[in-house]
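S.K.: The structure under discussion is supplied below as structure tokens; questions concerning it will follow.
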Amino acid sequence: MNNKTKELNRSNNSLDKYISFENKEAFTDMICYLRGANISEYNQELVRQDLTEMVLSAQRRGESIHAVIGEDFQVFCDNVIASLPQKSQRQRIVDFFDMICLSLSILGAIYIVFAAETITLIRNAFSRNSLNFSISVSLGNVIFVGIIIIVAFVMVEGIMKKPFQVGKKEKQGHLKVFLMFAGLTALYLLIAWLGQTTLFTVNIFIACAVVLALYITHKVLERV
């Protein structure tokens, strides 16, 4: 997110608090839907600004969000999105790698902090025992990280694409919960089986440098 977009985002955040409770849910659904659209973050914030001003103006007149948007919020959003330039293939690729770098940097930092080798290293440092700066990465770790990123991406995309359909298909929702539970159970068993297979070991300082490099790459890609 470049500085121009960040400034507009901060301005929109300050205006959001004036949206009434009665309009908040529908307004949030529309913003969520826009976040999943194939348009730039800057255009998303521009639309958000216009939408906020429309709703606030309606509130001052004593009208609800339905008075200015209509009853079908998705159709309204689709019409707005269709009028804006779509992201290029290059931008979609940049966004994808940005997401991967950010996810890996966060998960990598968490793993380094809570790894058994790190805890042992800290304990040995306080007890003045010999220090081992190596940290191991198992096949189970790699599978687990991959699954977390995929599941998180799918869930976020699903929420953004269908915010107006939440609660409409209860039976399908129950089936999805069951399938997710079964999938997570199978995943746990797979990781438990493969978790002992060490792929490689790396110096903890090198691991920290890799995590930092991933985060810096994310910050660079974010501004592209």
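Residue numbering restarts at 1 in every chain; chains get A, B, ... in the order shown in the structure tokens, and ligands count up from 1 in that same order.
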List the neighbours of Arg92 in chain A out to 12 Å using only C-alpha atoms; skip same-chain residues closer than 3 positions along the sequence, and give me the result as a PDB file with N, CA and C atoms, in the first residue's frame.

M.R.:
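result.pdb, freshly written:
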ATOM      1  N   ALA A  37     -12.494  -7.604  -4.826  1.00  0.00           N
ATOM      2  CA  ALA A  37     -12.607  -7.277  -6.254  1.00  0.00           C
ATOM      3  C   ALA A  37     -11.229  -7.139  -6.888  1.00  0.00           C
ATOM      4  N   ASN A  38     -11.202  -7.340  -8.191  1.00  0.00           N
ATOM      5  CA  ASN A  38      -9.945  -7.279  -8.941  1.00  0.00           C
ATOM      6  C   ASN A  38      -9.639  -5.834  -9.363  1.00  0.00           C
ATOM      7  N   ILE A  39      -9.600  -4.942  -8.358  1.00  0.00           N
ATOM      8  CA  ILE A  39      -9.253  -3.544  -8.598  1.00  0.00           C
ATOM      9  C   ILE A  39      -8.168  -3.142  -7.600  1.00  0.00           C
ATOM     10  N   SER A  40      -7.457  -2.085  -7.890  1.00  0.00           N
ATOM     11  CA  SER A  40      -6.337  -1.676  -7.040  1.00  0.00           C
ATOM     12  C   SER A  40      -6.822  -1.235  -5.659  1.00  0.00           C
ATOM     13  N   GLU A  41      -5.912  -1.283  -4.687  1.00  0.00           N
ATOM     14  CA  GLU A  41      -6.256  -0.853  -3.334  1.00  0.00           C
ATOM     15  C   GLU A  41      -6.663   0.625  -3.312  1.00  0.00           C
ATOM     16  N   GLN A  86      -9.465  -2.797 -14.148  1.00  0.00           N
ATOM     17  CA  GLN A  86      -9.093  -4.028 -13.443  1.00  0.00           C
ATOM     18  C   GLN A  86      -7.577  -4.113 -13.262  1.00  0.00           C
ATOM     19  N   LYS A  87      -7.163  -4.882 -12.273  1.00  0.00           N
ATOM     20  CA  LYS A  87      -5.733  -5.086 -12.063  1.00  0.00           C
ATOM     21  C   LYS A  87      -5.123  -5.797 -13.270  1.00  0.00           C
ATOM     22  N   SER A  88      -3.900  -5.423 -13.588  1.00  0.00           N
ATOM     23  CA  SER A  88      -3.189  -6.096 -14.676  1.00  0.00           C
ATOM     24  C   SER A  88      -2.670  -7.445 -14.191  1.00  0.00           C
ATOM     25  N   GLN A  89      -2.272  -8.292 -15.142  1.00  0.00           N
ATOM     26  CA  GLN A  89      -1.694  -9.591 -14.790  1.00  0.00           C
ATOM     27  C   GLN A  89      -0.448  -9.400 -13.931  1.00  0.00           C
ATOM     28  N   ASP A  95       0.905  -8.998  -6.232  1.00  0.00           N
ATOM     29  CA  ASP A  95       0.085  -9.158  -5.030  1.00  0.00           C
ATOM     30  C   ASP A  95       0.204 -10.569  -4.463  1.00  0.00           C
ATOM     31  N   PHE A  96       0.268 -11.552  -5.351  1.00  0.00           N
ATOM     32  CA  PHE A  96       0.388 -12.945  -4.905  1.00  0.00           C
ATOM     33  C   PHE A  96       1.696 -13.162  -4.147  1.00  0.00           C
ATOM     34  N   PHE A  97       2.795 -12.708  -4.719  1.00  0.00           N
ATOM     35  CA  PHE A  97       4.088 -12.895  -4.059  1.00  0.00           C
ATOM     36  C   PHE A  97       4.194 -12.032  -2.801  1.00  0.00           C
ATOM     37  N   ASP A  98       3.531 -10.889  -2.794  1.00  0.00           N
ATOM     38  CA  ASP A  98       3.481 -10.060  -1.600  1.00  0.00           C
ATOM     39  C   ASP A  98       2.827 -10.831  -0.462  1.00  0.00           C
ATOM     40  N   MET A  99       1.701 -11.476  -0.767  1.00  0.00           N
ATOM     41  CA  MET A  99       0.983 -12.260   0.236  1.00  0.00           C
ATOM     42  C   MET A  99       1.828 -13.430   0.734  1.00  0.00           C
ATOM     43  N   LEU A 221       7.219  -4.971  -2.240  1.00  0.00           N
ATOM     44  CA  LEU A 221       6.157  -5.350  -3.169  1.00  0.00           C
ATOM     45  C   LEU A 221       4.866  -4.610  -2.874  1.00  0.00           C
ATOM     46  N   GLU A 222       4.648  -4.291  -1.612  1.00  0.00           N
ATOM     47  CA  GLU A 222       3.438  -3.593  -1.186  1.00  0.00           C
ATOM     48  C   GLU A 222       3.333  -2.213  -1.835  1.00  0.00           C
ATOM     49  N   VAL A 224       4.617  -1.449  -4.852  1.00  0.00           N
ATOM     50  CA  VAL A 224       4.699  -1.520  -6.312  1.00  0.00           C
ATOM     51  C   VAL A 224       3.364  -1.147  -6.924  1.00  0.00           C
TER      52      VAL A 224
END

S.K.: So which one's closest to Asn79 in chain A, A:Ile147, A:Val47, A:Ile119, A:Val113? Using only C-alpha atoms, please.

M.R.: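 Smallest separation from Asn79 in chain A among the options: A:Val47.
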
S.K.: I'd like the neighbourhood of Leu212 in chain A as an mmCIF file with C-alpha atoms, in the first residue's frame, where a residue qualifies if any of its atoms comes within 10 Å (using only C-alpha atoms), though same-chain residues fewer than 6 positions away should be ignored.

M.R.:
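Wrote part29.cif, looks like this:
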data_model
loop_
_atom_site.group_PDB
_atom_site.id
_atom_site.type_symbol
_atom_site.label_atom_id
_atom_site.label_comp_id
_atom_site.auth_asym_id
_atom_site.auth_seq_id
_atom_site.Cartn_x
_atom_site.Cartn_y
_atom_site.Cartn_z
ATOM 1 C CA SER A 105 7.739 -14.015 7.335
ATOM 2 C CA ILE A 106 5.023 -14.173 10.025
ATOM 3 C CA GLY A 108 8.724 -18.149 10.109
ATOM 4 C CA ALA A 109 9.054 -15.707 13.002
ATOM 5 C CA ILE A 206 20.460 -17.158 9.212
ATOM 6 C CA HIS A 218 6.775 -7.764 1.331
#

S.K.: Can you list, as a PyMOL selection string, all residues belonging to range 73-160 of chain A that DSSP tags as strand (DSSP E or B)?

M.R.: chain A and resi 134-138

S.K.: Next, dump the selected residues to file, keeping only C-alpha atoms, as a PDB file, in the first residue's frame.

M.R.:
ATOM      1  CA  SER A 134      21.054 -24.737  14.859  1.00  0.00           C
ATOM      2  CA  ILE A 135      17.330 -25.015  14.246  1.00  0.00           C
ATOM      3  CA  SER A 136      15.741 -27.896  12.350  1.00  0.00           C
ATOM      4  CA  VAL A 137      12.956 -27.806   9.768  1.00  0.00           C
ATOM      5  CA  SER A 138      10.961 -30.977   9.251  1.00  0.00           C
TER       6      SER A 138
END

S.K.: Quick one: of A:Ser103, A:Val210, A:Ile204, A:Thr52, who's nearest to Phe153 in chain A, counting only C-alpha atoms?

M.R.: A:Ser103

S.K.: Closest to Lys6 in chain A among A:Gln91, A:Gln44, A:Thr28, A:Ser20, using only C-alpha atoms?

M.R.: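 For Lys6 in chain A, the nearest of the given residues is A:Gln44.
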
S.K.: Take CA of Ala67 in chain A and CA of Gly36 in chain A and report the distance between them in Å, one decimal.

M.R.: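 Computing it gives 24.7 Å between the two atoms.
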
S.K.: Closest to Phe27 in chain A among A:Glu53, A:Phe126, A:Ile65, A:Asn12, using only C-alpha atoms?

M.R.: A:Ile65
